[in-house]
>>> print(open('upload_32.txt').read())   # compact mmCIF, C-alpha atoms
# COMPACT_ATOMS: atom_id res chain seq x y z
CA MET W 6 56.41 137.83 -20.25
CA LYS W 7 55.50 138.10 -16.59
CA MET W 8 57.83 135.37 -15.34
CA ILE W 9 60.94 136.43 -17.28
CA VAL W 10 60.66 139.97 -18.63
CA ALA W 11 58.97 141.54 -15.60
CA PRO W 12 61.67 140.45 -13.08
CA LEU W 13 64.40 141.70 -15.43
CA LEU W 14 62.68 145.07 -15.81
CA ARG W 15 62.39 145.36 -12.04
CA ILE W 16 66.06 144.49 -11.54
CA PHE W 17 67.54 146.78 -14.18
CA PHE W 18 65.10 149.72 -14.11
CA ARG W 19 63.32 149.56 -10.72
CA PRO W 20 60.06 150.92 -12.19
CA TRP W 21 57.44 152.30 -9.81
CA MET W 22 53.69 152.08 -10.11
CA GLU W 23 50.88 154.03 -8.46
CA GLY W 24 47.16 153.30 -8.53
CA GLU W 25 47.28 149.61 -9.41
CA GLU W 26 44.24 149.18 -7.17
CA ASN W 27 42.21 151.06 -9.81
CA ILE W 28 42.46 148.07 -12.16
CA PRO W 29 39.75 145.49 -11.38
CA ASP W 30 40.88 142.00 -10.44
CA GLU W 31 38.46 140.59 -13.00
CA GLY W 32 36.05 141.77 -15.63
CA PRO W 33 36.49 144.01 -18.68
CA ALA W 34 38.11 147.42 -18.73
CA ILE W 35 39.84 149.70 -21.24
CA LEU W 36 43.29 151.08 -20.43
CA ALA W 37 43.95 154.39 -22.20
CA SER W 38 47.61 155.35 -22.01
CA ASN W 39 49.91 158.06 -23.28
CA HIS W 40 52.62 156.75 -25.59
CA LEU W 41 56.17 157.98 -25.10
CA SER W 42 58.36 155.08 -26.15
CA PHE W 43 58.44 151.64 -27.71
CA SER W 44 59.29 150.40 -24.21
CA ASP W 45 55.74 151.27 -23.08
CA SER W 46 54.74 147.97 -24.68
CA PHE W 47 57.08 146.21 -22.25
CA PHE W 48 56.61 148.02 -18.96
CA LEU W 49 52.83 148.25 -18.81
CA PRO W 50 51.90 144.66 -19.79
CA ALA W 51 54.77 143.18 -17.77
CA LEU W 52 54.09 144.99 -14.50
CA LEU W 53 50.32 144.57 -14.36
CA LYS W 54 48.99 141.45 -12.68
CA ARG W 55 46.41 140.91 -15.41
CA ARG W 56 47.07 140.42 -19.07
CA VAL W 57 46.37 143.46 -21.25
CA THR W 58 45.88 143.25 -25.00
CA PHE W 59 46.91 146.18 -27.19
CA ILE W 60 46.32 146.83 -30.85
CA ALA W 61 49.66 146.84 -32.69
CA LYS W 62 50.44 147.96 -36.23
CA ALA W 63 50.81 145.08 -38.67
CA GLU W 64 54.39 146.13 -39.51
CA TYR W 65 55.48 144.77 -36.12
CA PHE W 66 54.45 141.31 -37.32
CA THR W 67 55.68 141.42 -40.91
CA THR W 68 59.07 143.19 -40.82
CA PRO W 69 61.77 140.93 -42.35
CA GLY W 70 65.12 140.09 -40.81
CA ILE W 71 66.22 138.88 -37.38
CA LYS W 72 64.99 142.00 -35.61
CA GLY W 73 61.64 141.72 -37.38
CA ARG W 74 61.21 138.07 -36.37
CA LEU W 75 62.09 138.84 -32.75
CA THR W 76 59.65 141.75 -32.69
CA ALA W 77 56.88 139.61 -34.19
CA ALA W 78 57.57 136.82 -31.68
CA PHE W 79 57.35 139.29 -28.80
CA PHE W 80 54.04 140.81 -29.88
CA LYS W 81 52.50 137.41 -30.63
CA GLY W 82 53.76 136.08 -27.31
CA VAL W 83 52.03 138.82 -25.33
CA GLY W 84 48.80 138.45 -27.30
CA GLN W 85 48.90 141.70 -29.24
CA LEU W 86 46.54 142.08 -32.18
CA PRO W 87 47.93 143.14 -35.59
CA VAL W 88 45.99 145.79 -37.50
CA ASP W 89 46.81 146.83 -41.06
CA ARG W 90 46.94 150.64 -41.12
CA SER W 91 47.36 150.96 -44.90
CA GLY W 92 43.69 151.83 -45.29
CA ALA W 93 42.74 154.35 -42.62
CA ARG W 94 39.03 153.59 -42.41
CA GLY W 95 39.39 149.82 -42.78
CA ALA W 96 42.15 149.75 -40.19
CA GLY W 97 40.07 151.78 -37.77
CA GLU W 98 37.06 149.49 -38.12
CA ALA W 99 39.26 146.43 -37.66
CA ALA W 100 40.78 147.91 -34.50
CA ILE W 101 37.34 148.71 -33.09
CA ARG W 102 36.00 145.22 -33.79
CA SER W 103 39.09 143.67 -32.22
CA GLY W 104 38.80 145.89 -29.16
CA ILE W 105 35.12 145.09 -28.68
CA ALA W 106 35.89 141.35 -28.93
CA VAL W 107 38.59 141.63 -26.25
CA VAL W 108 36.32 143.57 -23.90
CA GLU W 109 33.38 141.22 -24.45
CA ARG W 110 35.62 138.34 -23.35
CA GLY W 111 35.98 140.12 -20.03
CA GLU W 112 39.62 141.08 -20.60
CA LEU W 113 41.68 144.26 -20.44
CA PHE W 114 41.97 146.15 -23.70
CA GLY W 115 44.79 148.69 -24.05
CA VAL W 116 44.78 151.64 -26.42
CA TYR W 117 47.01 154.64 -27.13
CA PRO W 118 44.51 157.43 -27.94
CA GLU W 119 47.22 159.59 -29.56
CA GLY W 120 47.57 156.91 -32.23
CA THR W 121 51.37 157.04 -32.29
CA ARG W 122 54.34 157.81 -30.08
CA SER W 123 54.85 161.39 -28.99
CA PRO W 124 57.73 162.91 -30.98
CA ASP W 125 58.86 165.22 -28.18
CA GLY W 126 57.44 164.05 -24.86
CA LYS W 127 54.34 166.24 -25.03
CA LEU W 128 50.78 164.93 -24.88
CA TYR W 129 48.85 165.33 -28.11
CA ARG W 130 45.19 165.36 -29.03
CA GLY W 131 43.44 162.00 -28.79
CA LYS W 132 42.07 160.52 -31.98
CA VAL W 133 38.33 160.03 -32.10
CA GLY W 134 37.40 156.45 -32.89
CA GLY W 135 38.77 153.33 -31.26
CA LEU W 136 38.82 154.33 -27.60
CA ALA W 137 35.46 156.08 -27.42
CA ARG W 138 33.59 153.70 -29.72
CA VAL W 139 34.76 150.58 -27.88
CA ALA W 140 33.86 152.19 -24.55
CA LEU W 141 30.38 153.23 -25.68
CA ALA W 142 29.68 149.97 -27.51
CA THR W 143 30.59 147.80 -24.51
CA GLY W 144 29.92 150.00 -21.51
CA ALA W 145 33.33 149.05 -20.09
CA PRO W 146 35.04 151.57 -17.79
CA VAL W 147 38.01 153.52 -19.18
CA ILE W 148 41.07 153.63 -16.93
CA PRO W 149 43.53 156.45 -17.73
CA VAL W 150 47.20 155.48 -17.54
CA ALA W 151 50.27 157.74 -17.55
CA MET W 152 53.65 156.35 -18.53
CA ILE W 153 56.38 158.42 -16.88
CA ASP W 154 59.92 158.88 -18.27
CA THR W 155 59.82 155.87 -20.59
CA GLU W 156 61.02 158.13 -23.41
CA LYS W 157 64.21 158.59 -21.36
CA VAL W 158 64.64 154.84 -21.09
CA GLN W 159 64.36 154.35 -24.84
CA PRO W 160 64.12 157.52 -26.94
CA PRO W 161 62.54 157.16 -30.40
CA GLY W 162 64.98 155.51 -32.79
CA GLN W 163 67.26 154.18 -30.04
CA VAL W 164 67.60 150.39 -29.84
CA VAL W 165 69.66 149.94 -26.66
CA PRO W 166 67.84 151.32 -23.60
CA ASN W 167 69.35 153.67 -21.03
CA PHE W 168 69.75 151.84 -17.74
CA GLY W 169 70.18 154.89 -15.52
CA VAL W 170 66.53 155.95 -15.73
CA ARG W 171 63.75 154.82 -13.39
CA PRO W 172 60.39 154.97 -15.22
CA GLY W 173 56.96 154.88 -13.67
CA ILE W 174 53.31 154.09 -14.27
CA ARG W 175 50.51 156.13 -12.74
CA ILE W 176 47.02 154.66 -13.01
CA GLY W 177 43.95 156.82 -12.51
CA ARG W 178 40.44 156.01 -11.34
CA PRO W 179 38.04 154.39 -13.82
CA LEU W 180 35.92 156.73 -15.91
CA ASP W 181 32.30 155.75 -16.45
CA PHE W 182 30.76 156.68 -19.80
CA SER W 183 27.69 154.48 -19.52
CA ARG W 184 25.55 157.63 -19.79
CA TYR W 185 26.56 157.78 -23.46
CA GLN W 186 26.10 154.08 -24.25
CA GLY W 187 24.49 153.55 -27.62
CA MET W 188 25.69 156.92 -28.90
CA GLU W 189 28.92 155.65 -30.46
CA ASN W 190 27.96 157.10 -33.85
CA ASP W 191 27.66 160.67 -32.55
CA ARG W 192 30.98 162.32 -33.37
CA PHE W 193 30.43 165.10 -30.83
CA ILE W 194 29.97 162.52 -28.05
CA LEU W 195 33.03 160.63 -29.27
CA ARG W 196 35.10 163.80 -29.13
CA SER W 197 33.79 164.65 -25.67
CA VAL W 198 34.65 161.19 -24.32
CA THR W 199 38.12 161.26 -25.89
CA ASP W 200 38.91 164.74 -24.57
CA GLU W 201 37.82 163.78 -21.05
CA VAL W 202 40.16 160.79 -21.11
CA MET W 203 43.04 162.89 -22.48
CA TYR W 204 42.52 165.44 -19.73
CA GLU W 205 42.87 162.73 -17.09
CA ILE W 206 46.02 161.40 -18.76
CA MET W 207 47.45 164.94 -18.82
CA ARG W 208 46.65 165.37 -15.14
CA LEU W 209 48.30 162.06 -14.23
CA SER W 210 51.38 162.50 -16.43
CA GLY W 211 52.04 166.20 -15.94
CA GLN W 212 52.77 166.49 -19.66
CA GLU W 213 52.27 169.67 -21.63
CA TYR W 214 49.16 169.26 -23.76
CA VAL W 215 49.18 170.25 -27.42
CA ASP W 216 45.82 170.41 -29.19
CA ILE W 217 46.95 168.91 -32.48
CA TYR W 218 47.42 165.31 -33.53
CA ALA W 219 50.82 163.72 -32.91
CA THR W 220 51.03 162.70 -36.56
CA ALA W 221 50.71 166.36 -37.58
CA ALA W 222 53.35 167.30 -35.02
CA LYS W 223 55.69 164.70 -36.46
CA ARG W 224 55.23 166.12 -39.95
CA GLN W 225 55.83 169.63 -38.65
CA LEU W 226 58.99 168.58 -36.81
CA ALA W 227 60.22 166.72 -39.89
CA GLU W 228 59.65 169.81 -42.05
CA GLU W 229 61.43 172.00 -39.50
CA LYS W 230 64.35 169.57 -39.42
CA LYS W 231 64.46 169.52 -43.21
CA ALA W 232 64.47 173.33 -43.31
CA ALA W 233 67.15 173.48 -40.61
CA ASP W 234 69.29 170.97 -42.52
CA ALA W 235 68.88 173.03 -45.71
CA ASP W 236 69.87 176.21 -43.84
CA ARG W 237 72.89 174.47 -42.36
CA LYS W 238 74.01 173.18 -45.75
CA ALA W 239 73.51 176.63 -47.27
CA GLN W 240 75.55 178.17 -44.45
CA GLN W 241 78.29 175.59 -44.90
CA LYS W 242 78.31 176.24 -48.65
CA ALA W 243 78.54 180.01 -48.10
CA GLU W 244 81.36 179.57 -45.57
CA LYS W 245 83.22 177.30 -47.99
CA ALA W 246 82.77 179.80 -50.82
CA GLU W 247 84.05 182.60 -48.57
CA ALA W 248 87.03 180.49 -47.49
CA ASP W 249 87.80 179.61 -51.12
CA ALA W 250 87.58 183.30 -52.10
CA GLU W 251 89.92 184.26 -49.26
CA ALA W 252 92.36 181.52 -50.22
CA LYS W 253 92.25 182.63 -53.86
CA ALA W 254 92.85 186.25 -52.88
CA ALA W 255 95.72 185.24 -50.62
CA LYS W 256 97.26 183.22 -53.40
CA ALA W 257 96.92 186.11 -55.85
CA GLN W 258 98.50 188.49 -53.32
CA ALA W 259 101.34 186.09 -52.75
CA GLU W 260 101.96 185.82 -56.48
CA ALA W 261 101.84 189.61 -56.81
CA ASP W 262 104.29 190.01 -53.93
CA ALA W 263 106.57 187.42 -55.47
CA GLU W 264 106.43 189.17 -58.85
CA ALA W 265 107.07 192.53 -57.21
CA GLY W 266 109.99 191.05 -55.35
CA SER W 267 111.39 189.61 -58.58
CA ASP W 268 111.05 192.97 -60.37
CA GLY W 269 112.76 194.76 -57.51
CA LYS W 270 115.66 192.32 -57.55
CA ALA W 271 116.02 192.75 -61.33
CA ALA W 272 116.04 196.53 -60.92
CA ALA W 273 118.67 196.27 -58.19
CA ASP W 274 120.80 194.04 -60.39
CA ASP W 275 120.51 196.53 -63.28
CA ALA W 276 121.53 199.38 -61.01
CA LYS W 277 124.49 197.40 -59.73
CA ASP W 278 125.55 196.58 -63.29
CA ALA W 279 125.33 200.28 -64.20
CA ASP W 280 127.45 201.22 -61.20
CA ASP W 281 130.00 198.58 -62.09
CA ALA W 282 130.16 199.84 -65.69
CA LYS W 283 130.61 203.41 -64.46
CA ASP W 284 133.42 202.37 -62.13
CA ALA W 285 135.09 200.46 -64.95
CA GLY W 286 134.88 203.51 -67.25
CA ALA W 287 136.38 205.67 -64.61
>>> encode(input="upload_32.txt", output="C-alpha cells")
Amino acid sequence: MKMIVAPLLRIFFRPWMEGEENIPDEGPAILASNHLSFSDSFFLPALLKRRVTFIAKAEYFTTPGIKGRLTAAFFKGVGQLPVDRSGARGAGEAAIRSGIAVVERGELFGVYPEGTRSPDGKLYRGKVGGLARVALATGAPVIPVAMIDTEKVQPPGQVVPNFGVRPGIRIGRPLDFSRYQGMENDRFILRSVTDEVMYEIMRLSGQEYVDIYATAAKRQLAEEKKAADADRKAQQKAEKAEADAEAKAAKAQAEADAEAGSDGKAAADDAKDADDAKDAGA
C-alpha cells in the first residue's frame, strides 16, 4: 500500500496534508474522519507514515465478481476489519470490540463517526457508539481528521476517478477524553464526546454541518429524487397527451378542409355543367 499506491497517488493527484505532526510516532490513537468518498480509504491510510486500521462493512469482503475480489483483496491487504452490519446492535458491538483490540495493541484505529459517506458533501451528525465508547474504554486520544475534496476525486457511484482534482488531508490536535474514562455506558457522555469530535471535524473541513444522520439524509434525498422523477414523468405524459391532442385536432382540421375543398370543387363542376347546358339550349 505505502510502497506502490502512495507514490501513484502523489504522482497523479498531488495530495496535500497538514498537521501530520499531530499523529504520534508510536502508541495508540483514534483517528475520527469525515467521509466524503470511497477514495478516503486510499488517501488517508496511504499517506500516513503509520498503519491505520478502519472498520469496513462486510460487503466489501464478500461481494462476488472480479470487482468484488479486487475490493476484498485491497481491504484485506491494508488490514481492514470486516463487520457485518445486518444486525445493528450486534454489528455495533463487534465494531467496538474490534476497535478496542486495535487500540490496546498500541495501533491507530480509524473510524468514520457519520457511519456512511456523505451524500452531498455536507457534514452530518456523528453516531453515538463506536468512536466514543472505544475512546472512553481505552483512554486513547481522539485525533480529528478532515478529508478535503475527495468527493470531487471520486463522487459516489463513480468508478473512474477524476485526475484534475487535488485533494487534501487536514489533521487536528488530539482530543483528550480521559476525564470521562469509565463512563462509556452513559449515553449523555457518549453524545457529548461525539459532538465535540464532530465540531472539530467541521472546523477543520469547513463543511456545512447538518444535525441529522447521514443515513436519514440519504433516505430524504432518495425520496426527493423519486418524487422529482415522478413529477418529470407526469409532466412528460401530460406534454405527450397535449401533443397527441394537437396532432389529432390538426388531422381533423386537415380532413375537414379537404372535405370542404372537395365539396367546393363538386359545386363548381355542377355550376359549370349548368352553364354549359344553358349555352347548349341557347
>>> closest_atom_pairs(input="upload_32.txt", of="stretch 65-143 of chain W", to="stretch 185-195 of chain W", cutoff="6 Å", atoms="all atoms listed in the file", output="tab-separated table")
residue	atom	partner	partner_atom	distance
W:Ala137	CA	W:Leu195	CA	5.5
W:Arg138	CA	W:Glu189	CA	5.1
W:Leu141	CA	W:Gln186	CA	4.6
>>> atom_distance(input="upload_32.txt", atom1="atom CA of W:Asn39", atom2="atom CA of W:Pro69")
28.2 Å
>>> atom_distance(input="upload_32.txt", atom1="atom CA of W:Val215", atom2="atom CA of W:Val198")
17.4 Å
>>> residues_around(input="upload_32.txt", residues="W:Lys54", least_positions_apart="4", cutoff="9 Å", atoms="all atoms listed in the file", output="list in words")
Lys7, Glu25, Asp30 and Pro50 of chain W
>>> atom_distance(input="upload_32.txt", atom1="atom CA of W:Val202", atom2="atom CA of W:Val133")
11.2 Å
>>> residues_around(input="upload_32.txt", residues="stretch 8-11 of chain W", least_positions_apart="6", cutoff="8 Å", atoms="only C-alpha atoms", output="VMD selection string")
chain W and resid 48 51 to 52
>>> axis_aligned_box(input="upload_32.txt", around="stretch 142-153 of chain W", padding_each_side="6 Å", output="JSON")
{"center_x": 43.0, "center_y": 153.1, "center_z": -22.2, "size_x": 38.7, "size_y": 22.6, "size_z": 22.6}
>>> closest_residue(input="upload_32.txt", among="W:Arg224, W:Lys230, W:Lys245, W:Lys81", to="W:Phe66", atoms="only C-alpha atoms")
W:Lys81
>>> closest_residue(input="upload_32.txt", among="W:Leu226, W:Ile101, W:Leu128, W:Ala246", to="W:Ala140", atoms="only C-alpha atoms")
W:Ile101
>>> closest_atom_pairs(input="upload_32.txt", of="stretch 208-242 of chain W", to="stretch 142-164 of chain W", cutoff="9 Å", atoms="only C-alpha atoms", output="Markdown table")
| residue | atom | partner | partner_atom | distance |
| --- | --- | --- | --- | --- |
| W:Arg208 | CA | W:Ala151 | CA | 8.8 |
| W:Leu209 | CA | W:Ala151 | CA | 5.8 |
| W:Ser210 | CA | W:Ala151 | CA | 5.0 |
| W:Gly211 | CA | W:Ala151 | CA | 8.8 |
>>> closest_residue(input="upload_32.txt", among="W:Ala239, W:Ala34, W:Ile16, W:Ile28", to="W:Arg178", atoms="all atoms listed in the file")
W:Ile28
>>> closest_residue(input="upload_32.txt", among="W:Ala37, W:Ala222, W:Leu53, W:Met22", to="W:Glu205", atoms="all atoms listed in the file")
W:Ala37
>>> residues_around(input="upload_32.txt", residues="W:Thr76", least_positions_apart="2", cutoff="12 Å", atoms="only C-alpha atoms", output="list in words")
Phe43, Ser46, Phe47, Ala61, Lys62, Ala63, Glu64, Tyr65, Phe66, Thr67, Thr68, Pro69, Gly70, Ile71, Lys72, Gly73, Arg74, Ala78, Phe79, Phe80, Lys81, Gly82, Val83 and Gln85 of chain W
>>> closest_residue(input="upload_32.txt", among="W:Phe59, W:Gly169, W:Arg130, W:Ile174", to="W:Glu23", atoms="all atoms listed in the file")
W:Ile174
>>> residues_around(input="upload_32.txt", residues="W:Ile60", least_positions_apart="6", cutoff="10 Å", atoms="all atoms listed in the file", output="ChimeraX atom specification")
/W:80,84-88,99-101,103-104,114-117,135
>>> closest_residue(input="upload_32.txt", among="W:Ile206, W:Glu119, W:Lys132, W:Leu49", to="W:Trp21", atoms="all atoms listed in the file")
W:Leu49
